[in-house]
$ cat model.csv   # CSV, C-alpha atoms
chain,number,residue,atom,x,y,z
J,235,MET,CA,-0.2,-8.9,-2.9
J,236,SER,CA,1.2,-6.6,-0.2
J,237,LEU,CA,2.0,-3.0,-1.0
J,238,ARG,CA,5.7,-3.7,-0.5
J,239,SER,CA,5.5,-6.5,-3.2
J,240,TYR,CA,3.5,-4.3,-5.5
J,241,CYS,CA,6.0,-1.4,-5.2
J,242,ARG,CA,8.8,-3.7,-6.0
J,243,ARG,CA,7.1,-5.2,-9.1
J,244,THR,CA,5.5,-2.0,-10.5
J,245,ASN,CA,7.7,0.8,-9.3
J,246,PRO,CA,9.1,2.3,-12.6
J,247,VAL,CA,12.3,3.1,-10.9
J,248,VAL,CA,12.8,-0.6,-10.0
J,249,ASN,CA,12.3,-1.5,-13.6
J,250,ILE,CA,14.7,1.2,-14.8
J,251,TYR,CA,17.5,-0.1,-12.4
J,252,ARG,CA,17.0,-3.7,-13.5
J,253,PHE,CA,18.3,-2.7,-16.9
J,254,SER,CA,20.4,0.4,-16.5
J,255,THR,CA,22.1,0.0,-13.1
J,256,SER,CA,25.2,-2.1,-13.4
J,257,ARG,CA,26.5,-4.3,-10.6
J,258,LYS,CA,29.4,-1.8,-10.3
J,259,SER,CA,26.8,1.0,-9.7
J,260,SER,CA,25.1,-1.0,-6.9
J,261,THR,CA,28.5,-1.9,-5.4
J,262,ASN,CA,29.6,1.8,-5.5
J,263,ALA,CA,26.4,2.9,-3.7
J,264,LYS,CA,26.9,0.2,-1.0
J,265,MET,CA,30.6,1.2,-0.5
J,266,ILE,CA,29.8,5.0,-0.3
J,267,PHE,CA,27.0,4.6,2.3
J,268,GLN,CA,28.3,1.6,4.2
J,269,ASP,CA,30.3,3.6,6.7
J,270,SER,CA,27.3,5.3,8.3
J,271,GLY,CA,29.4,6.5,11.3
J,272,SER,CA,31.3,8.8,9.0
J,273,ALA,CA,28.2,10.8,7.9
J,274,GLU,CA,28.6,14.2,9.5
J,275,PHE,CA,26.7,17.5,9.7
J,276,LEU,CA,28.8,20.1,8.0
J,277,ALA,CA,27.0,23.5,8.0
J,278,ALA,CA,23.7,25.3,8.0
J,279,ALA,CA,22.8,28.2,5.8
J,280,ALA,CA,20.0,30.6,6.8
J,281,ASP,CA,20.6,33.0,3.8
J,282,ALA,CA,22.5,33.2,0.5
J,283,ASN,CA,25.5,34.9,2.1
J,284,SER,CA,26.1,31.9,4.4
J,285,LEU,CA,26.1,29.1,1.8
J,286,PRO,CA,29.2,27.0,2.4
J,287,ARG,CA,31.7,25.5,-0.1
J,288,PHE,CA,33.1,22.0,0.2
J,289,ASN,CA,35.9,21.6,-2.3
J,290,ARG,CA,33.4,21.2,-5.1
J,291,LEU,CA,32.0,17.9,-3.8
J,292,PRO,CA,28.8,17.0,-5.8
J,293,GLU,CA,25.7,17.8,-3.9
J,294,VAL,CA,22.1,16.4,-3.9
J,295,SER,CA,19.2,18.2,-2.4
J,296,ARG,CA,16.1,16.7,-0.7
J,297,ASN,CA,13.2,19.2,-1.8
J,298,MET,CA,24.8,15.2,-5.1
J,299,LEU,CA,25.2,18.1,-3.8
J,300,SER,CA,21.9,16.2,-3.8
J,301,THR,CA,19.1,18.3,-2.3
J,302,PHE,CA,15.9,17.0,-0.7
J,303,SER,CA,12.8,19.2,-0.7
J,304,GLY,CA,9.1,18.7,0.0
J,305,ARG,CA,6.1,20.0,1.8
J,306,ALA,CA,6.5,20.5,5.5
J,307,ASN,CA,6.1,17.3,7.6
J,308,VAL,CA,6.4,15.0,4.6
J,309,GLY,CA,9.0,12.8,6.3
J,310,LYS,CA,12.2,14.3,4.9
J,311,SER,CA,14.4,14.0,8.0
J,312,THR,CA,13.2,10.5,8.7
J,313,LEU,CA,14.0,9.4,5.2
J,314,LEU,CA,17.4,11.0,5.2
J,315,ASN,CA,18.4,9.4,8.5
J,316,SER,CA,17.6,6.0,6.9
J,317,VAL,CA,19.5,6.9,3.7
J,318,LEU,CA,22.5,7.9,5.8
J,319,GLY,CA,22.2,4.9,8.0
J,320,ARG,CA,21.7,6.9,11.2
J,321,LYS,CA,18.8,7.1,13.6
J,322,ASP,CA,19.3,10.7,14.8
J,323,LEU,CA,21.8,12.6,12.6
J,324,LEU,CA,18.8,14.7,11.5
J,325,PHE,CA,16.4,16.0,14.0
J,326,THR,CA,12.9,14.6,13.4
J,327,SER,CA,9.7,16.1,14.8
J,328,LYS,CA,5.9,15.6,14.4
J,329,LYS,CA,5.7,19.4,14.3
J,330,ALA,CA,5.9,20.7,10.8
J,331,GLY,CA,8.4,23.3,9.8
J,332,ARG,CA,11.3,22.3,12.2
J,333,THR,CA,13.9,22.5,9.4
J,334,GLN,CA,14.5,26.2,8.9
J,335,THR,CA,17.8,26.3,7.1
J,336,LEU,CA,19.6,24.5,4.3
J,337,ASN,CA,21.5,21.8,6.2
J,338,PHE,CA,24.6,20.1,4.6
J,339,PHE,CA,25.7,16.6,5.5
J,340,ARG,CA,28.8,14.8,4.3
J,341,VAL,CA,28.6,11.2,3.0
J,342,GLY,CA,31.8,9.1,3.3
J,343,PRO,CA,34.9,9.5,5.4
J,344,HIS,CA,36.8,12.8,5.3
J,345,PRO,CA,37.0,14.6,2.9
J,346,GLY,CA,33.8,12.8,1.7
J,347,LYS,CA,32.3,11.5,-1.5
J,348,LEU,CA,29.3,13.8,-1.8
J,349,VAL,CA,27.1,16.2,0.2
J,350,VAL,CA,23.4,15.7,0.9
J,351,VAL,CA,21.4,18.9,1.6
J,352,ASP,CA,18.2,19.0,3.7
J,353,SER,CA,16.0,22.0,2.8
J,354,PRO,CA,13.1,23.6,4.7
J,355,GLY,CA,9.6,22.4,3.8
J,356,TYR,CA,7.2,24.5,1.7
J,357,GLY,CA,3.4,24.8,1.8
J,358,SER,CA,1.2,26.3,4.5
J,359,ARG,CA,3.9,25.8,7.2
J,360,GLY,CA,6.7,27.1,5.0
J,361,ARG,CA,8.0,30.7,5.0
J,362,SER,CA,8.7,33.0,2.0
J,363,ALA,CA,12.2,33.5,3.3
J,364,TRP,CA,12.9,29.8,3.0
J,365,GLY,CA,11.6,29.8,-0.6
J,366,THR,CA,13.9,32.7,-1.5
J,367,LEU,CA,16.9,30.9,-0.1
J,368,PHE,CA,16.0,27.6,-1.9
J,369,ASN,CA,15.5,29.4,-5.2
J,370,HIS,CA,18.9,31.2,-4.9
J,371,TYR,CA,20.5,27.9,-4.1
J,372,THR,CA,19.0,25.9,-7.0
J,373,THR,CA,19.7,28.8,-9.4
J,374,ASN,CA,23.3,29.4,-8.5
J,375,ARG,CA,24.8,26.2,-7.0
J,376,GLU,CA,27.2,24.7,-9.6
J,377,GLU,CA,27.8,21.6,-7.5
J,378,LEU,CA,24.1,20.7,-7.4
J,379,ARG,CA,23.4,17.4,-9.3
J,380,ARG,CA,19.9,16.4,-8.4
J,381,ILE,CA,16.9,17.6,-6.5
J,382,TYR,CA,14.7,15.0,-4.8
J,383,ILE,CA,11.2,16.3,-4.1
J,384,LEU,CA,9.2,14.3,-1.6
J,385,PHE,CA,5.5,13.6,-1.4
J,386,SER,CA,3.6,11.9,1.4
J,387,ALA,CA,1.7,8.8,0.1
J,388,PRO,CA,-1.3,9.2,2.4
J,389,HIS,CA,-1.8,12.8,1.5
J,390,GLY,CA,-1.1,12.7,-2.3
J,391,LEU,CA,-0.2,15.8,-4.2
J,392,ARG,CA,-1.6,19.2,-3.4
J,393,ASP,CA,-1.6,22.5,-5.3
J,394,THR,CA,1.7,23.6,-3.7
J,395,ASP,CA,3.3,20.3,-4.7
J,396,GLU,CA,2.3,20.7,-8.3
J,397,ALA,CA,3.5,24.3,-8.3
J,398,MET,CA,6.9,23.3,-6.9
J,399,LEU,CA,7.2,20.5,-9.5
J,400,ALA,CA,6.3,22.9,-12.3
J,401,GLU,CA,8.9,25.4,-11.1
J,402,LEU,CA,11.7,22.9,-10.8
J,403,ASP,CA,10.7,21.3,-14.1
J,404,ALA,CA,11.0,24.7,-15.8
J,405,GLN,CA,14.5,25.1,-14.4
J,406,VAL,CA,15.5,21.6,-15.7
J,407,GLN,CA,14.0,22.3,-19.2
J,408,SER,CA,15.7,25.7,-19.4
J,409,SER,CA,19.1,24.1,-19.0
J,410,GLY,CA,18.4,20.9,-20.9
J,411,GLY,CA,19.1,19.0,-17.7
J,412,THR,CA,22.7,20.1,-17.7
J,413,ARG,CA,22.6,21.9,-14.4
J,414,PHE,CA,20.7,19.4,-12.3
J,415,THR,CA,18.0,16.7,-12.7
J,416,LEU,CA,14.8,16.2,-10.7
J,417,GLN,CA,13.4,13.0,-9.1
J,418,ALA,CA,10.3,12.4,-7.0
J,419,ILE,CA,10.3,10.2,-3.8
J,420,ILE,CA,7.0,9.0,-2.3
J,421,THR,CA,7.3,8.6,1.4
J,422,LYS,CA,5.2,6.9,4.1
J,423,ALA,CA,3.9,4.2,1.7
J,424,ASP,CA,3.5,1.9,4.7
J,425,GLN,CA,0.6,4.1,5.8
J,426,LEU,CA,-1.5,3.3,2.7
J,427,ARG,CA,-4.5,1.0,3.0
J,428,ASP,CA,-6.6,-1.0,0.6
J,429,ASN,CA,-6.5,1.6,-2.1
J,430,GLY,CA,-2.7,2.0,-1.9
J,431,ARG,CA,-2.0,0.8,-5.4
J,432,GLU,CA,-4.5,3.2,-7.0
J,433,GLN,CA,-3.2,6.1,-4.9
J,434,VAL,CA,0.4,5.5,-5.9
J,435,GLU,CA,-0.6,5.2,-9.6
J,436,CYS,CA,-2.6,8.5,-9.4
J,437,MET,CA,0.4,10.2,-7.8
J,438,ASN,CA,2.7,8.9,-10.6
J,439,LYS,CA,0.4,10.4,-13.2
J,440,ALA,CA,0.1,13.7,-11.4
J,441,ILE,CA,3.8,14.0,-11.0
J,442,PHE,CA,4.4,13.4,-14.7
J,443,GLN,CA,1.7,15.9,-15.7
J,444,ALA,CA,3.2,18.6,-13.5
J,445,ALA,CA,6.8,17.9,-14.4
J,446,PRO,CA,7.5,15.9,-17.6
J,447,THR,CA,11.2,15.9,-16.9
J,448,CYS,CA,10.9,14.5,-13.4
J,449,LEU,CA,12.4,11.0,-13.1
J,450,PRO,CA,9.9,8.3,-12.0
J,451,PRO,CA,9.3,8.3,-8.3
J,452,ILE,CA,11.0,6.0,-5.8
J,453,ILE,CA,8.5,4.5,-3.4
J,454,THR,CA,9.7,4.4,0.2
J,455,ALA,CA,8.7,3.7,3.8
J,456,CYS,CA,10.5,4.2,7.1
J,457,PRO,CA,8.1,2.7,9.7
J,458,PRO,CA,9.0,3.1,13.3
J,459,ARG,CA,8.6,-0.6,13.7
J,460,GLY,CA,9.6,-2.9,10.8
J,461,LEU,CA,11.9,-2.8,7.9
J,462,PRO,CA,12.2,0.3,5.6
J,463,PHE,CA,12.0,-0.2,1.9
J,464,GLY,CA,13.1,1.9,-1.1
J,465,ILE,CA,16.3,3.1,0.7
J,466,GLU,CA,18.8,1.2,-1.4
J,467,LEU,CA,17.1,2.6,-4.6
J,468,VAL,CA,17.5,6.2,-3.2
J,469,ARG,CA,21.2,5.5,-2.5
J,470,LYS,CA,21.8,4.2,-6.0
J,471,SER,CA,20.0,7.1,-7.5
J,472,ILE,CA,22.2,9.5,-5.5
J,473,THR,CA,25.5,7.9,-6.4
J,474,ASP,CA,24.4,7.7,-10.1
J,475,SER,CA,23.4,11.4,-10.2
J,476,CYS,CA,26.8,12.3,-8.8
J,477,GLY,CA,28.6,10.2,-11.4
J,478,LEU,CA,30.2,8.0,-8.7
$ encode --input "model.csv" --output "structure tokens"
Amino acid sequence: MSLRSYCRRTNPVVNIYRFSTSRKSSTNAKMIFQDSGSAEFLAAAADANSLPRFNRLPEVSRNMLSTFSGRANVGKSTLLNSVLGRKDLLFTSKKAGRTQTLNFFRVGPHPGKLVVVDSPGYGSRGRSAWGTLFNHYTTNREELRRIYILFSAPHGLRDTDEAMLAELDAQVQSSGGTRFTLQAIITKADQLRDNGREQVECMNKAIFQAAPTCLPPIITACPPRGLPFGIELVRKSITDSCGL
């Protein structure tokens, strides 16, 4: 069985969506993300004083609003380009640490449906100032709905990943999940080899041990040649977290 087939059959997120995601939810995600040309860079924030406001649109963070975070060079920008349906809306680089600000992107035609936030990476290539900004953002941003924390499948979890998971898990527990929720995304699954299944299972266990409130990971891949997978699940998760 190929890794792609294995992920589809065993990925706990896939199983969750089989039962809890309605046809309406799937349709909403497709409608919100179908107009990829309308996705737009809105603003960048280098410090707490420059954080923008967008008429209270829900946000999700990569690390609605939804925010995406992860160790430097984990493939955050590549994944977000795929989720937003664009090849180069976010700058990608093989050099770690190129994202140095919180970057805000609108999804959907003006005035938009939600905002996706790309955050600087952490770890050995990250900087303490970026961590201070990210902590301020997660602690004070009322529009934040979910934080997505990314892990590279070939590298697994490191001490810095577990520490970040534990910190975000503590924030979720302190609010009972009423401020934002947390979900993991495993990237670069196409780079796994013969032991790929075992490595993914080990990562699942390590994520849950470090952060019991973290939603099951979505397994993704965005190969330079070939079809990506896991992207539709990420889009569904984003729209569901924003109540859309």
$ atom_distance --input "model.csv" --atom1 "CA of Phe414 in chain J" --atom2 "CA of Thr447 in chain J"
11.1 Å
$ atom_distance --input "model.csv" --atom1 "CA of Val349 in chain J" --atom2 "CA of Val294 in chain J"
6.5 Å
$ residues_near_point --input "model.csv" --point "(19.8, 30.0, 8.7)" --cutoff "8 Å" --atoms "all atoms listed in the file" --output "number ranges by chain"
J: 278-281, 284, 334-336
$ atom_distance --input "model.csv" --atom1 "CA of Pro343 in chain J" --atom2 "CA of Leu285 in chain J"
21.8 Å
$ residues_near_point --input "model.csv" --point "(15.5, 15.9, -2.9)" --cutoff "9 Å" --atoms "all atoms listed in the file" --output "list in words"
Val294, Ser295, Arg296, Asn297, Ser300, Thr301, Phe302, Ser303, Gly304, Lys310, Val350, Val351, Asp352, Ser353, Arg380, Ile381, Tyr382, Ile383, Leu384, Leu416, Gln417, Ala418 and Ile419 of chain J
$ residues_around --input "model.csv" --residues "range 465-478 of chain J" --least-positions-apart "2" --cutoff "10 Å" --atoms "only C-alpha atoms" --output "mmCIF file with C-alpha atoms, in the frame of the given file"
data_model
loop_
_atom_site.group_PDB
_atom_site.id
_atom_site.type_symbol
_atom_site.label_atom_id
_atom_site.label_comp_id
_atom_site.auth_asym_id
_atom_site.auth_seq_id
_atom_site.Cartn_x
_atom_site.Cartn_y
_atom_site.Cartn_z
ATOM 1 C CA VAL J 247 12.300 3.100 -10.900
ATOM 2 C CA VAL J 248 12.800 -0.600 -10.000
ATOM 3 C CA TYR J 251 17.500 -0.100 -12.400
ATOM 4 C CA THR J 255 22.100 0.000 -13.100
ATOM 5 C CA LYS J 258 29.400 -1.800 -10.300
ATOM 6 C CA SER J 259 26.800 1.000 -9.700
ATOM 7 C CA SER J 260 25.100 -1.000 -6.900
ATOM 8 C CA THR J 261 28.500 -1.900 -5.400
ATOM 9 C CA ASN J 262 29.600 1.800 -5.500
ATOM 10 C CA ALA J 263 26.400 2.900 -3.700
ATOM 11 C CA LYS J 264 26.900 0.200 -1.000
ATOM 12 C CA ILE J 266 29.800 5.000 -0.300
ATOM 13 C CA PHE J 267 27.000 4.600 2.300
ATOM 14 C CA LEU J 291 32.000 17.900 -3.800
ATOM 15 C CA PRO J 292 28.800 17.000 -5.800
ATOM 16 C CA GLU J 293 25.700 17.800 -3.900
ATOM 17 C CA VAL J 294 22.100 16.400 -3.900
ATOM 18 C CA SER J 295 19.200 18.200 -2.400
ATOM 19 C CA MET J 298 24.800 15.200 -5.100
ATOM 20 C CA LEU J 299 25.200 18.100 -3.800
ATOM 21 C CA SER J 300 21.900 16.200 -3.800
ATOM 22 C CA THR J 301 19.100 18.300 -2.300
ATOM 23 C CA LEU J 313 14.000 9.400 5.200
ATOM 24 C CA LEU J 314 17.400 11.000 5.200
ATOM 25 C CA SER J 316 17.600 6.000 6.900
ATOM 26 C CA VAL J 317 19.500 6.900 3.700
ATOM 27 C CA LEU J 318 22.500 7.900 5.800
ATOM 28 C CA GLY J 319 22.200 4.900 8.000
ATOM 29 C CA LYS J 347 32.300 11.500 -1.500
ATOM 30 C CA LEU J 348 29.300 13.800 -1.800
ATOM 31 C CA VAL J 349 27.100 16.200 0.200
ATOM 32 C CA VAL J 350 23.400 15.700 0.900
ATOM 33 C CA GLU J 377 27.800 21.600 -7.500
ATOM 34 C CA LEU J 378 24.100 20.700 -7.400
ATOM 35 C CA ARG J 379 23.400 17.400 -9.300
ATOM 36 C CA ARG J 380 19.900 16.400 -8.400
ATOM 37 C CA ILE J 381 16.900 17.600 -6.500
ATOM 38 C CA TYR J 382 14.700 15.000 -4.800
ATOM 39 C CA PHE J 414 20.700 19.400 -12.300
ATOM 40 C CA THR J 415 18.000 16.700 -12.700
ATOM 41 C CA LEU J 416 14.800 16.200 -10.700
ATOM 42 C CA GLN J 417 13.400 13.000 -9.100
ATOM 43 C CA ILE J 419 10.300 10.200 -3.800
ATOM 44 C CA PRO J 451 9.300 8.300 -8.300
ATOM 45 C CA ILE J 452 11.000 6.000 -5.800
ATOM 46 C CA ILE J 453 8.500 4.500 -3.400
ATOM 47 C CA THR J 454 9.700 4.400 0.200
ATOM 48 C CA ALA J 455 8.700 3.700 3.800
ATOM 49 C CA CYS J 456 10.500 4.200 7.100
ATOM 50 C CA PRO J 462 12.200 0.300 5.600
ATOM 51 C CA PHE J 463 12.000 -0.200 1.900
#
$ residues_around --input "model.csv" --residues "range 441-443 of chain J" --least-positions-apart "2" --cutoff "12 Å" --atoms "only C-alpha atoms" --output "ChimeraX atom specification"
/J:383-385,390-393,395-400,402-403,416-420,434-439,445-452
$ write_last_selection --input "model.csv" --atoms "C-alpha atoms" --output "PDB file, keeping the file's coordinate frame"
ATOM      1  CA  ILE J 383      11.200  16.300  -4.100  1.00  0.00           C
ATOM      2  CA  LEU J 384       9.200  14.300  -1.600  1.00  0.00           C
ATOM      3  CA  PHE J 385       5.500  13.600  -1.400  1.00  0.00           C
ATOM      4  CA  GLY J 390      -1.100  12.700  -2.300  1.00  0.00           C
ATOM      5  CA  LEU J 391      -0.200  15.800  -4.200  1.00  0.00           C
ATOM      6  CA  ARG J 392      -1.600  19.200  -3.400  1.00  0.00           C
ATOM      7  CA  ASP J 393      -1.600  22.500  -5.300  1.00  0.00           C
ATOM      8  CA  ASP J 395       3.300  20.300  -4.700  1.00  0.00           C
ATOM      9  CA  GLU J 396       2.300  20.700  -8.300  1.00  0.00           C
ATOM     10  CA  ALA J 397       3.500  24.300  -8.300  1.00  0.00           C
ATOM     11  CA  MET J 398       6.900  23.300  -6.900  1.00  0.00           C
ATOM     12  CA  LEU J 399       7.200  20.500  -9.500  1.00  0.00           C
ATOM     13  CA  ALA J 400       6.300  22.900 -12.300  1.00  0.00           C
ATOM     14  CA  LEU J 402      11.700  22.900 -10.800  1.00  0.00           C
ATOM     15  CA  ASP J 403      10.700  21.300 -14.100  1.00  0.00           C
ATOM     16  CA  LEU J 416      14.800  16.200 -10.700  1.00  0.00           C
ATOM     17  CA  GLN J 417      13.400  13.000  -9.100  1.00  0.00           C
ATOM     18  CA  ALA J 418      10.300  12.400  -7.000  1.00  0.00           C
ATOM     19  CA  ILE J 419      10.300  10.200  -3.800  1.00  0.00           C
ATOM     20  CA  ILE J 420       7.000   9.000  -2.300  1.00  0.00           C
ATOM     21  CA  VAL J 434       0.400   5.500  -5.900  1.00  0.00           C
ATOM     22  CA  GLU J 435      -0.600   5.200  -9.600  1.00  0.00           C
ATOM     23  CA  CYS J 436      -2.600   8.500  -9.400  1.00  0.00           C
ATOM     24  CA  MET J 437       0.400  10.200  -7.800  1.00  0.00           C
ATOM     25  CA  ASN J 438       2.700   8.900 -10.600  1.00  0.00           C
ATOM     26  CA  LYS J 439       0.400  10.400 -13.200  1.00  0.00           C
ATOM     27  CA  ALA J 445       6.800  17.900 -14.400  1.00  0.00           C
ATOM     28  CA  PRO J 446       7.500  15.900 -17.600  1.00  0.00           C
ATOM     29  CA  THR J 447      11.200  15.900 -16.900  1.00  0.00           C
ATOM     30  CA  CYS J 448      10.900  14.500 -13.400  1.00  0.00           C
ATOM     31  CA  LEU J 449      12.400  11.000 -13.100  1.00  0.00           C
ATOM     32  CA  PRO J 450       9.900   8.300 -12.000  1.00  0.00           C
ATOM     33  CA  PRO J 451       9.300   8.300  -8.300  1.00  0.00           C
ATOM     34  CA  ILE J 452      11.000   6.000  -5.800  1.00  0.00           C
TER      35      ILE J 452
END
$ closest_residue --input "model.csv" --among "J:Gly309, J:Gly460, J:Pro388, J:Gly411" --to "Gly355 in chain J" --atoms "all atoms listed in the file"
J:Gly309
$ residues_around --input "model.csv" --residues "Asn283 in chain J" --least-positions-apart "6" --cutoff "12 Å" --atoms "all atoms listed in the file" --output "NGL selection string"
:J and (367 or 370-371)
$ write_last_selection --input "model.csv" --atoms "C-alpha atoms" --output "PDB file, in the coordinates of the input"
ATOM      1  CA  LEU J 367      16.900  30.900  -0.100  1.00  0.00           C
ATOM      2  CA  HIS J 370      18.900  31.200  -4.900  1.00  0.00           C
ATOM      3  CA  TYR J 371      20.500  27.900  -4.100  1.00  0.00           C
TER       4      TYR J 371
END
$ closest_residue --input "model.csv" --among "J:Asn289, J:Phe338, J:Tyr356, J:Phe275" --to "Asp322 in chain J" --atoms "only C-alpha atoms"
J:Phe275
$ closest_residue --input "model.csv" --among "J:Asn369, J:His344, J:Ser272, J:Asn315" --to "Phe288 in chain J" --atoms "all atoms listed in the file"
J:His344
$ closest_residue --input "model.csv" --among "J:Leu323, J:Arg287, J:Gly410, J:Arg427" --to "Glu376 in chain J" --atoms "all atoms listed in the file"
J:Arg287
$ closest_residue --input "model.csv" --among "J:Ser311, J:Thr373, J:Asn429, J:Thr394" --to "Asn337 in chain J" --atoms "only C-alpha atoms"
J:Ser311
